[in-house]
Amino acid sequence: MRNTIAVLLIITVCLFSLTGCYDARSIETLSYAIAIGIDEGETNMLKLTVQFVNPSSMGSNKGGSTSSSEPTTITSVECASLDSGINIMNSFISRQINLSQCRIIVFSETIAEKGISEYLYTLTDNIEIRPNCNIVVSTCSAEEFLQNSEPASETLLGKYYDSIVNANKYTGSTDDIELSDFFTAYKDTFREPYAVLAGINSPDTPMEYQDASKSTIDSGYVADKSSVLNDTFMQSIGIAVFRSDKLVGELNVGETISHLLLSNRLHQCHITVPSPFSENGIIDLRIIPTMDSKKEVTLVNNTPYITCEVFLSGEILSSTKGINFTENSNIDLVESYVDAYMEQQISEYLYKTSKDFKSDIIGFGSKVVGNYLTTEDWVNSNWLDNYQNSFFDVTVVSDIKVGETFSKID
Amino acid sequence: MFNLKTFLDSNLGKLFVYKKNKDYEFSLPIACDFEEDSIVNNNVPYELELDPSFKKVGTKLSDNLDYIKAKYHILINSDIQIKEFNILLEDKSYSAFIIYIDGMVNSEIINDFILRPLMLRNKTNTHDRKKDKESKLSSFSLEDYIINCLIPQNRILKKEEFNDIILEVNGGNCALFIDTLGVAFTAEVKGFKQRSISTPSNEVVVRGSQEAFVESIRTNTSILRRVINNEDLIIENSYVGKFSHTAVSICYLKNITNNDLVAEVQYRINNLDIDYLISSGQLEQLIQDNSHSIFPQIVATERVDKTASHLLEGRVVVLVNGTPYALVMPGVFNDFLSSSEDLNLKSQYSNLIRIIRILSAFLSVLLPGIYVAVTSYHHELIPTQLLFAIAATRESVPFPIIIETLIMETAFELIREGGLRVPSPIGPTIGIVGALILGEAAVSANIVSPILIIIVAITALCSFTIPDLSLNFTFRILRFVYIFLGFTAGFLGLALGLFAQLVWLCNLTSFGSPYLTPYLSKATLRTTSSLFVAPAWKRENKPTFLNSKKADSQGKISMRWKYPKSH
């Protein structure tokens, strides 16, 4: 018994001395940041914007009456670094700022173009920031972005930030890029990082398509210039392409789908292709990758020759009237159209990233790295610079199916 | 002129002066000051003189009578009855007396089957044995004649030691002393009132026997024998307590139970130096392996079917007179999480409820501790929306989380204890008070947050699923320990606590069986005492930790009707 008491005493002393109650921080004493925005500063190095949640507006609806306070508070400070900015905010916010619930980190386009490596290291070193929070590049300033990000159908902001990125599982309009993905890609020698591209859409901003020749196809939309006509709200469409830590370009929806197909990250999406049956007609398809894409890289005189094979299954969702899809010849025709359309889309995307952006965001480098015996040889080969010389050969194999509905209607 | 000062001085002074109570005063003198001679009660001498050297029944009846009267304090004891009479035998008359305790015997049996044959003239006692040719050959013994011919009783014993006789009389039998005989006879005449067999009140099952033990040890052994229905069931009697001489029955199956286990139980029970034993709960504490452990090491059950199935596995059961609970030993951790219903249901059903029970065991111990740890140290573990919901409810609560949790847990313990002790007519009040305090009022008054009510409610629900009362108490104590650990060191504290508890449990044994047997050692699944319940046709082995004499409990193919060729 004496031994037991001694052991219990030792454990208690250890518990208090190792951690101690003084380390405990009660939930209500903390202010939780849900989003962080980083802009270029006017008077200082940067402008830090933090969006806090007002817990009182979220759960307490005592007696059936909901609280009228705003769900979030947005505060901005001009500061020299992220940590000093948080420090300044702590001095005028009554509660201690906690970043453990931060869902997205928004960089403005202007600061991303200048390079974000410094902030990346600060963010990854911070113990409170989760590695799975999303990295977003906003076409407007980060402060404006956060101010306009009001959930349309979600009542909880954190869930809203999750859902807009998760929507890519059925739209394919962007990719779910987390801080850990971005940072690893930035550090890797065989691929480049990319981030979610988002912007604020308002009826004031004119509709604009990246490629005028395909004005009827919705895949040409980019963030902040798509066809939402009613209200001002945040939209994440497309991908922001980086070379090292600097933003070099943006991809529209169609190019994002091509990227997701090649990097095997597409779950399903809708595409619209020109109809082979009528001049101005279109066919809507739901496409699902049937197996992982095959990518091979051959170095011909140190010039990369890249062959890609993509396997799809498609389902016709809508079509112009009067076409009999029970006939195999019609299906074959659509299949060949889809193959050609997707091959062209993917090739355009690949040449755009290699020639225009000079950025290997798919990571073809990982296919080449095996050809080098030492890390030194590989680093000296300078793959990321060599990627711009690449040639691509894309093959798409699609298997189009049609619902029974069409045959019955006809 | 009224002077307030003098009035106050005179009256207030009197008010606060110590006054000795002159009317009546009583205090208990300490034992050594106790003077026997000074005690007088209704002018009757308090004690008769007792000869300590007198241990065996003497041939002089008056000596025996004096001894018995002194032993039973006949002058002050109201329910001890001594009936003196004369026995008629072959026209000779012998003085005799019987002693019994009023209320414990059946008077009709005494009258009809003891007094009547002995006192009245009948064919037997007037029979002249000298005329009997056969009896001439054999030597005549009056003792045997009384047992064999005179008293028509099924259980009549010859006793020489006064201690044995007194034990019998205390148990509700009567003793017969006859002049010139150096022995006394005890006859079974029990007739006291006792509770009839009823349904189990604390271990309720849906599918299973509805018989529970009662207070009378003989009734309990009879139910047990009825269920087991085998001549190898041994029920050994022993007496515990120098004053109370409480009857204790050690039950086991001769051809199954390990001899050493039986010997160990007998050794422990026979080597207890206590004055009295009132219940099996006291005996449990006196014979368990580790006296300081908060974990129960002996299964206490009121269910006959559960006791019988443990006996058939090869365990030892101890019944204590006066307690409607049987003690089953050894008891390992898994036994306290099992219900007797587990074996009656299909294995799929019982495994489902067993998983639920294991989960709820974890939750009932750890949930408040986890809540305190997470809300104090590990906020990032809580899903964002839930965190904000908790933060919102916590905003108006003035206490730290640990105080809030302790308030609620203490309130719940109060309601639980209050509900148990409250007299039944005002029982529903506890429910109303509890619901009001725990539910609405505490939240409205901003003393606790609603989320904590949920935590405490889930914990309470989980603790109700633990089938064993003792283990429930263990978990209640541990819950507070884990709340404290969670508060001082978060998950580190909880992990340390769990680690210490595991070491503690691994070190524990119950009558030589490791406490965590089915979990840790290489135990076969095909038993009735495994972690998960095997189907009825697959329970081929007895639990390995019992080292029973018979290793299997059914044939390899138990359903012969289905596979007749495999035999």
# chains A, B, ... in the order shown; residues from 1 in each chain; ligands from 1

$ closest_atom_pairs --of "chain B" --to "chain A" --cutoff "9 Å" --atoms "only C-alpha atoms" --output "JSON lines"
{"residue": "B:His292", "atom": "CA", "partner": "A:Met1", "partner_atom": "CA", "distance": 7.6}
{"residue": "B:Ala373", "atom": "CA", "partner": "A:Ala24", "partner_atom": "CA", "distance": 8.7}
{"residue": "B:Thr375", "atom": "CA", "partner": "A:Ile27", "partner_atom": "CA", "distance": 6.0}
{"residue": "B:Ser376", "atom": "CA", "partner": "A:Ala24", "partner_atom": "CA", "distance": 4.9}
{"residue": "B:Tyr377", "atom": "CA", "partner": "A:Ala24", "partner_atom": "CA", "distance": 5.4}
{"residue": "B:His379", "atom": "CA", "partner": "A:Ile27", "partner_atom": "CA", "distance": 7.3}
{"residue": "B:Glu380", "atom": "CA", "partner": "A:Ser100", "partner_atom": "CA", "distance": 5.5}
{"residue": "B:Pro383", "atom": "CA", "partner": "A:Gln101", "partner_atom": "CA", "distance": 8.5}
{"residue": "B:Thr384", "atom": "CA", "partner": "A:Gln101", "partner_atom": "CA", "distance": 6.1}
{"residue": "B:Gln385", "atom": "CA", "partner": "A:Gly158", "partner_atom": "CA", "distance": 7.0}
{"residue": "B:Leu387", "atom": "CA", "partner": "A:Ile27", "partner_atom": "CA", "distance": 8.0}
{"residue": "B:Phe388", "atom": "CA", "partner": "A:Pro55", "partner_atom": "CA", "distance": 5.2}
{"residue": "B:Ala389", "atom": "CA", "partner": "A:Gly59", "partner_atom": "CA", "distance": 4.9}
{"residue": "B:Ile390", "atom": "CA", "partner": "A:Ile27", "partner_atom": "CA", "distance": 7.8}
{"residue": "B:Ala391", "atom": "CA", "partner": "A:Glu28", "partner_atom": "CA", "distance": 5.3}
{"residue": "B:Ala392", "atom": "CA", "partner": "A:Pro55", "partner_atom": "CA", "distance": 4.6}
{"residue": "B:Thr393", "atom": "CA", "partner": "A:Ser60", "partner_atom": "CA", "distance": 6.4}
{"residue": "B:Arg394", "atom": "CA", "partner": "A:Glu28", "partner_atom": "CA", "distance": 6.2}
{"residue": "B:Glu395", "atom": "CA", "partner": "A:Glu28", "partner_atom": "CA", "distance": 5.8}
{"residue": "B:Pro400", "atom": "CA", "partner": "A:Ser26", "partner_atom": "CA", "distance": 7.3}
{"residue": "B:Ile401", "atom": "CA", "partner": "A:Ser26", "partner_atom": "CA", "distance": 7.3}
{"residue": "B:Leu485", "atom": "CA", "partner": "A:Leu15", "partner_atom": "CA", "distance": 8.0}
{"residue": "B:Phe487", "atom": "CA", "partner": "A:Cys21", "partner_atom": "CA", "distance": 6.8}
{"residue": "B:Thr488", "atom": "CA", "partner": "A:Cys21", "partner_atom": "CA", "distance": 5.1}
{"residue": "B:Ala489", "atom": "CA", "partner": "A:Thr19", "partner_atom": "CA", "distance": 5.6}
{"residue": "B:Gly490", "atom": "CA", "partner": "A:Ala24", "partner_atom": "CA", "distance": 8.3}
{"residue": "B:Leu492", "atom": "CA", "partner": "A:Leu15", "partner_atom": "CA", "distance": 8.4}
{"residue": "B:Gly493", "atom": "CA", "partner": "A:Leu15", "partner_atom": "CA", "distance": 6.8}
{"residue": "B:Leu496", "atom": "CA", "partner": "A:Ile11", "partner_atom": "CA", "distance": 8.4}

$ select_by_dssp --residues "range 116-253 of chain B" --states "strand (DSSP E)" --output "MDAnalysis selection string"
chainID B and resid 156:159 174:178 184:187 233:240 246:253

$ closest_residue --among "B:Phe85, B:Phe399, B:Tyr72, B:Phe473" --to "Val448 in chain B" --atoms "only C-alpha atoms"
B:Phe399

$ residues_around --residues "range 224-240 of chain B" --least-positions-apart "2" --cutoff "10 Å" --atoms "only C-alpha atoms" --output "PyMOL selection string"
chain B and resi 167+213+218-222+242-256+266+269-278+283+304-305+307-309+311-312+317-321

$ closest_residue --among "A:Ser275, A:Gly172, A:Lys401, A:Lys352" --to "Glu327 in chain A" --atoms "only C-alpha atoms"
A:Lys401

$ closest_residue --among "B:Cys462, B:Leu157, B:Val265, B:Ile437" --to "Ile358 in chain B" --atoms "only C-alpha atoms"
B:Cys462

$ residues_around --residues "Asp83 in chain A" --least-positions-apart "6" --cutoff "12 Å" --atoms "only C-alpha atoms" --output "count of residues only"
16

$ select_by_dssp --residues "range 102-330 of chain A" --states "helix (DSSP H, G or I)" --output "mmCIF file with C-alpha atoms, in the first residue's frame"
data_model
loop_
_atom_site.group_PDB
_atom_site.id
_atom_site.type_symbol
_atom_site.label_atom_id
_atom_site.label_comp_id
_atom_site.auth_asym_id
_atom_site.auth_seq_id
_atom_site.Cartn_x
_atom_site.Cartn_y
_atom_site.Cartn_z
ATOM 1 C CA GLU A 109 -2.893 37.582 -56.831
ATOM 2 C CA THR A 110 -0.436 40.485 -56.484
ATOM 3 C CA ILE A 111 1.421 39.037 -53.498
ATOM 4 C CA ALA A 112 1.414 35.553 -55.056
ATOM 5 C CA GLU A 113 3.111 36.928 -58.168
ATOM 6 C CA LYS A 114 5.909 38.306 -56.011
ATOM 7 C CA SER A 117 7.902 31.257 -49.816
ATOM 8 C CA GLU A 118 8.503 33.332 -46.695
ATOM 9 C CA TYR A 119 4.889 33.010 -45.587
ATOM 10 C CA LEU A 120 4.831 29.331 -46.500
ATOM 11 C CA TYR A 121 7.632 28.553 -44.074
ATOM 12 C CA THR A 122 5.967 30.628 -41.344
ATOM 13 C CA LEU A 123 2.674 28.851 -41.913
ATOM 14 C CA THR A 124 4.121 25.334 -41.929
ATOM 15 C CA ASP A 125 6.190 26.060 -38.831
ATOM 16 C CA ALA A 142 -7.586 38.845 -49.815
ATOM 17 C CA GLU A 143 -9.359 41.303 -47.552
ATOM 18 C CA GLU A 144 -12.077 41.919 -50.130
ATOM 19 C CA PHE A 145 -12.340 38.200 -50.719
ATOM 20 C CA LEU A 146 -12.953 37.427 -47.051
ATOM 21 C CA GLN A 147 -15.379 40.300 -46.674
ATOM 22 C CA ASN A 148 -17.508 38.988 -49.510
ATOM 23 C CA LEU A 157 -18.841 29.424 -42.301
ATOM 24 C CA GLY A 158 -16.291 26.712 -41.577
ATOM 25 C CA LYS A 159 -18.466 24.159 -43.300
ATOM 26 C CA TYR A 160 -18.951 26.568 -46.189
ATOM 27 C CA TYR A 161 -15.214 26.881 -46.757
ATOM 28 C CA ASP A 162 -14.972 23.092 -46.709
ATOM 29 C CA SER A 163 -17.846 22.621 -49.105
ATOM 30 C CA ILE A 164 -16.672 25.013 -51.805
ATOM 31 C CA VAL A 165 -13.496 23.034 -52.197
ATOM 32 C CA ASN A 166 -15.250 19.720 -51.807
ATOM 33 C CA ASN A 168 -14.800 19.735 -57.053
ATOM 34 C CA LYS A 169 -15.704 16.093 -56.421
ATOM 35 C CA TYR A 170 -18.727 16.537 -58.660
ATOM 36 C CA THR A 171 -17.832 19.627 -60.687
ATOM 37 C CA LEU A 179 -1.063 23.465 -47.275
ATOM 38 C CA SER A 180 0.916 20.233 -46.957
ATOM 39 C CA ASP A 181 0.421 19.421 -50.697
ATOM 40 C CA PHE A 182 1.448 22.908 -51.710
ATOM 41 C CA PHE A 183 4.501 22.987 -49.492
ATOM 42 C CA THR A 184 5.684 19.510 -50.559
ATOM 43 C CA ALA A 185 5.272 20.404 -54.239
ATOM 44 C CA TYR A 186 7.205 23.624 -53.634
ATOM 45 C CA LYS A 187 10.070 21.701 -52.034
ATOM 46 C CA ALA A 212 -13.559 33.563 -77.649
ATOM 47 C CA SER A 213 -13.838 30.803 -80.218
ATOM 48 C CA LYS A 214 -15.465 28.475 -77.706
ATOM 49 C CA ASP A 218 -18.902 26.573 -70.268
ATOM 50 C CA SER A 219 -15.453 25.153 -69.657
ATOM 51 C CA GLY A 220 -13.934 28.476 -70.588
ATOM 52 C CA VAL A 253 -12.436 25.035 -65.845
ATOM 53 C CA GLY A 254 -11.705 22.984 -68.964
ATOM 54 C CA GLU A 255 -7.978 23.048 -68.306
ATOM 55 C CA THR A 256 -8.584 22.161 -64.669
ATOM 56 C CA ILE A 257 -10.552 19.089 -65.758
ATOM 57 C CA SER A 258 -7.674 18.120 -68.039
ATOM 58 C CA HIS A 259 -5.267 18.569 -65.165
ATOM 59 C CA LEU A 260 -7.388 16.480 -62.795
ATOM 60 C CA LEU A 261 -7.741 13.741 -65.432
ATOM 61 C CA LEU A 262 -3.996 13.512 -65.947
ATOM 62 C CA ASN A 328 -24.219 1.964 -82.363
ATOM 63 C CA SER A 329 -23.011 4.110 -85.208
ATOM 64 C CA ASN A 330 -24.341 7.240 -83.480
#

$ closest_residue --among "A:Ile5, A:Ala80, A:Leu373, A:Ile316" --to "Glu335 in chain A" --atoms "only C-alpha atoms"
A:Ile316

$ atom_distance --atom1 "CA of Ala175 in chain B" --atom2 "CA of Phe97 in chain B"
8.3 Å

$ residues_around --residues "Asp102 in chain B" --least-positions-apart "6" --cutoff "9 Å" --atoms "only C-alpha atoms" --output "number ranges by chain"
B: 78-81, 172

$ closest_residue --among "A:Ile86, A:Val310, A:Leu317, A:Leu299" --to "His270 in chain A" --atoms "only C-alpha atoms"
A:Leu317

$ residues_around --residues "Ser359 in chain A" --least-positions-apart "6" --cutoff "9 Å" --atoms "only C-alpha atoms" --output "list in words"
Arg191, Glu192, Pro193, Val241, Phe242, Arg243, Ser244, Val248, Thr353, Leu384, Asp385, Tyr387 and Gln388 of chain A

$ write_last_selection --atoms "N, CA and C atoms" --output "short mmCIF file (atom, residue, chain, number, x, y, z; two decimals), in the first residue's frame"
data_model
loop_
_atom_site.label_atom_id
_atom_site.label_comp_id
_atom_site.auth_asym_id
_atom_site.auth_seq_id
_atom_site.Cartn_x
_atom_site.Cartn_y
_atom_site.Cartn_z
N ARG A 191 8.31 18.63 -59.48
CA ARG A 191 6.99 19.19 -59.78
C ARG A 191 6.89 20.59 -59.18
N GLU A 192 5.86 21.30 -59.61
CA GLU A 192 5.65 22.67 -59.13
C GLU A 192 4.31 22.73 -58.39
N PRO A 193 4.20 23.69 -57.49
CA PRO A 193 2.94 23.77 -56.72
C PRO A 193 1.82 24.48 -57.49
N VAL A 241 -1.48 28.53 -61.10
CA VAL A 241 -0.26 27.76 -61.34
C VAL A 241 0.94 28.56 -60.84
N PHE A 242 1.80 27.89 -60.10
CA PHE A 242 3.00 28.53 -59.56
C PHE A 242 4.22 27.96 -60.24
N ARG A 243 5.24 28.81 -60.34
CA ARG A 243 6.57 28.30 -60.67
C ARG A 243 7.43 28.67 -59.48
N SER A 244 7.98 27.66 -58.82
CA SER A 244 8.59 27.85 -57.50
C SER A 244 7.54 28.49 -56.59
N VAL A 248 2.32 32.16 -61.76
CA VAL A 248 2.67 32.44 -63.16
C VAL A 248 1.45 32.41 -64.08
N THR A 353 0.80 24.85 -69.91
CA THR A 353 1.63 24.81 -68.70
C THR A 353 3.11 24.76 -69.04
N LEU A 384 12.90 21.05 -64.07
CA LEU A 384 11.83 22.05 -64.05
C LEU A 384 12.03 23.10 -65.15
N ASP A 385 13.32 23.36 -65.50
CA ASP A 385 13.58 24.29 -66.62
C ASP A 385 13.42 23.59 -67.95
N TYR A 387 11.39 21.27 -68.71
CA TYR A 387 10.02 20.87 -69.00
C TYR A 387 9.40 21.70 -70.12
N GLN A 388 9.84 22.96 -70.25
CA GLN A 388 9.24 23.82 -71.27
C GLN A 388 9.55 23.34 -72.69
#

$ residues_around --residues "range 545-547 of chain B" --least-positions-apart "3" --cutoff "12 Å" --atoms "only C-alpha atoms" --output "JSON list (two decimals) with C-alpha atoms, in the first residue's frame"
[["chain", "number", "residue", "atom", "x", "y", "z"],
["B", 256, "ILE", "CA", -15.04, -30.94, -12.61],
["B", 257, "THR", "CA", -13.64, -28.35, -10.23],
["B", 258, "ASN", "CA", -9.91, -28.20, -9.63],
["B", 259, "ASN", "CA", -9.10, -29.66, -6.19],
["B", 260, "ASP", "CA", -6.63, -26.90, -5.36],
["B", 261, "LEU", "CA", -9.23, -24.25, -6.02],
["B", 262, "VAL", "CA", -11.67, -25.95, -3.65],
["B", 310, "HIS", "CA", -20.40, -21.00, -13.34],
["B", 311, "LEU", "CA", -20.47, -24.14, -11.20],
["B", 312, "LEU", "CA", -20.63, -26.30, -14.31],
["B", 313, "GLU", "CA", -17.63, -24.48, -15.75],
["B", 314, "GLY", "CA", -15.63, -25.61, -12.73],
["B", 315, "ARG", "CA", -15.82, -22.67, -10.37],
["B", 316, "VAL", "CA", -16.58, -22.70, -6.67],
["B", 329, "MET", "CA", -14.85, -17.56, -7.47],
["B", 330, "PRO", "CA", -12.55, -16.99, -9.25],
["B", 331, "GLY", "CA", -14.01, -13.91, -10.97],
["B", 332, "VAL", "CA", -12.12, -12.37, -13.86],
["B", 509, "THR", "CA", -5.31, -12.32, -9.75],
["B", 510, "SER", "CA", -8.43, -13.92, -8.40],
["B", 511, "PHE", "CA", -7.88, -17.29, -6.72],
["B", 512, "GLY", "CA", -4.86, -17.87, -8.91],
["B", 513, "SER", "CA", -6.49, -16.84, -12.19],
["B", 514, "PRO", "CA", -5.03, -13.81, -14.01],
["B", 515, "TYR", "CA", -7.65, -11.05, -13.93],
["B", 516, "LEU", "CA", -7.44, -10.19, -17.64],
["B", 517, "THR", "CA", -7.44, -13.81, -18.75],
["B", 518, "PRO", "CA", -9.58, -13.91, -21.88],
["B", 519, "TYR", "CA", -7.97, -10.71, -23.22],
["B", 520, "LEU", "CA", -4.30, -11.35, -22.63],
["B", 521, "SER", "CA", -3.48, -15.02, -22.33],
["B", 522, "LYS", "CA", -3.80, -17.50, -25.15],
["B", 523, "ALA", "CA", -7.34, -18.48, -24.33],
["B", 524, "THR", "CA", -9.53, -20.41, -26.68],
["B", 527, "THR", "CA", -15.75, -21.39, -24.17],
["B", 529, "SER", "CA", -16.22, -17.26, -20.72],
["B", 530, "SER", "CA", -14.51, -15.76, -23.75],
["B", 541, "ASN", "CA", -14.10, -26.19, -23.96],
["B", 542, "LYS", "CA", -14.22, -25.04, -20.42],
["B", 550, "LYS", "CA", -12.80, -32.04, -17.36],
["B", 551, "ALA", "CA", -11.49, -29.88, -20.20],
["B", 552, "ASP", "CA", -14.44, -30.11, -22.56]]
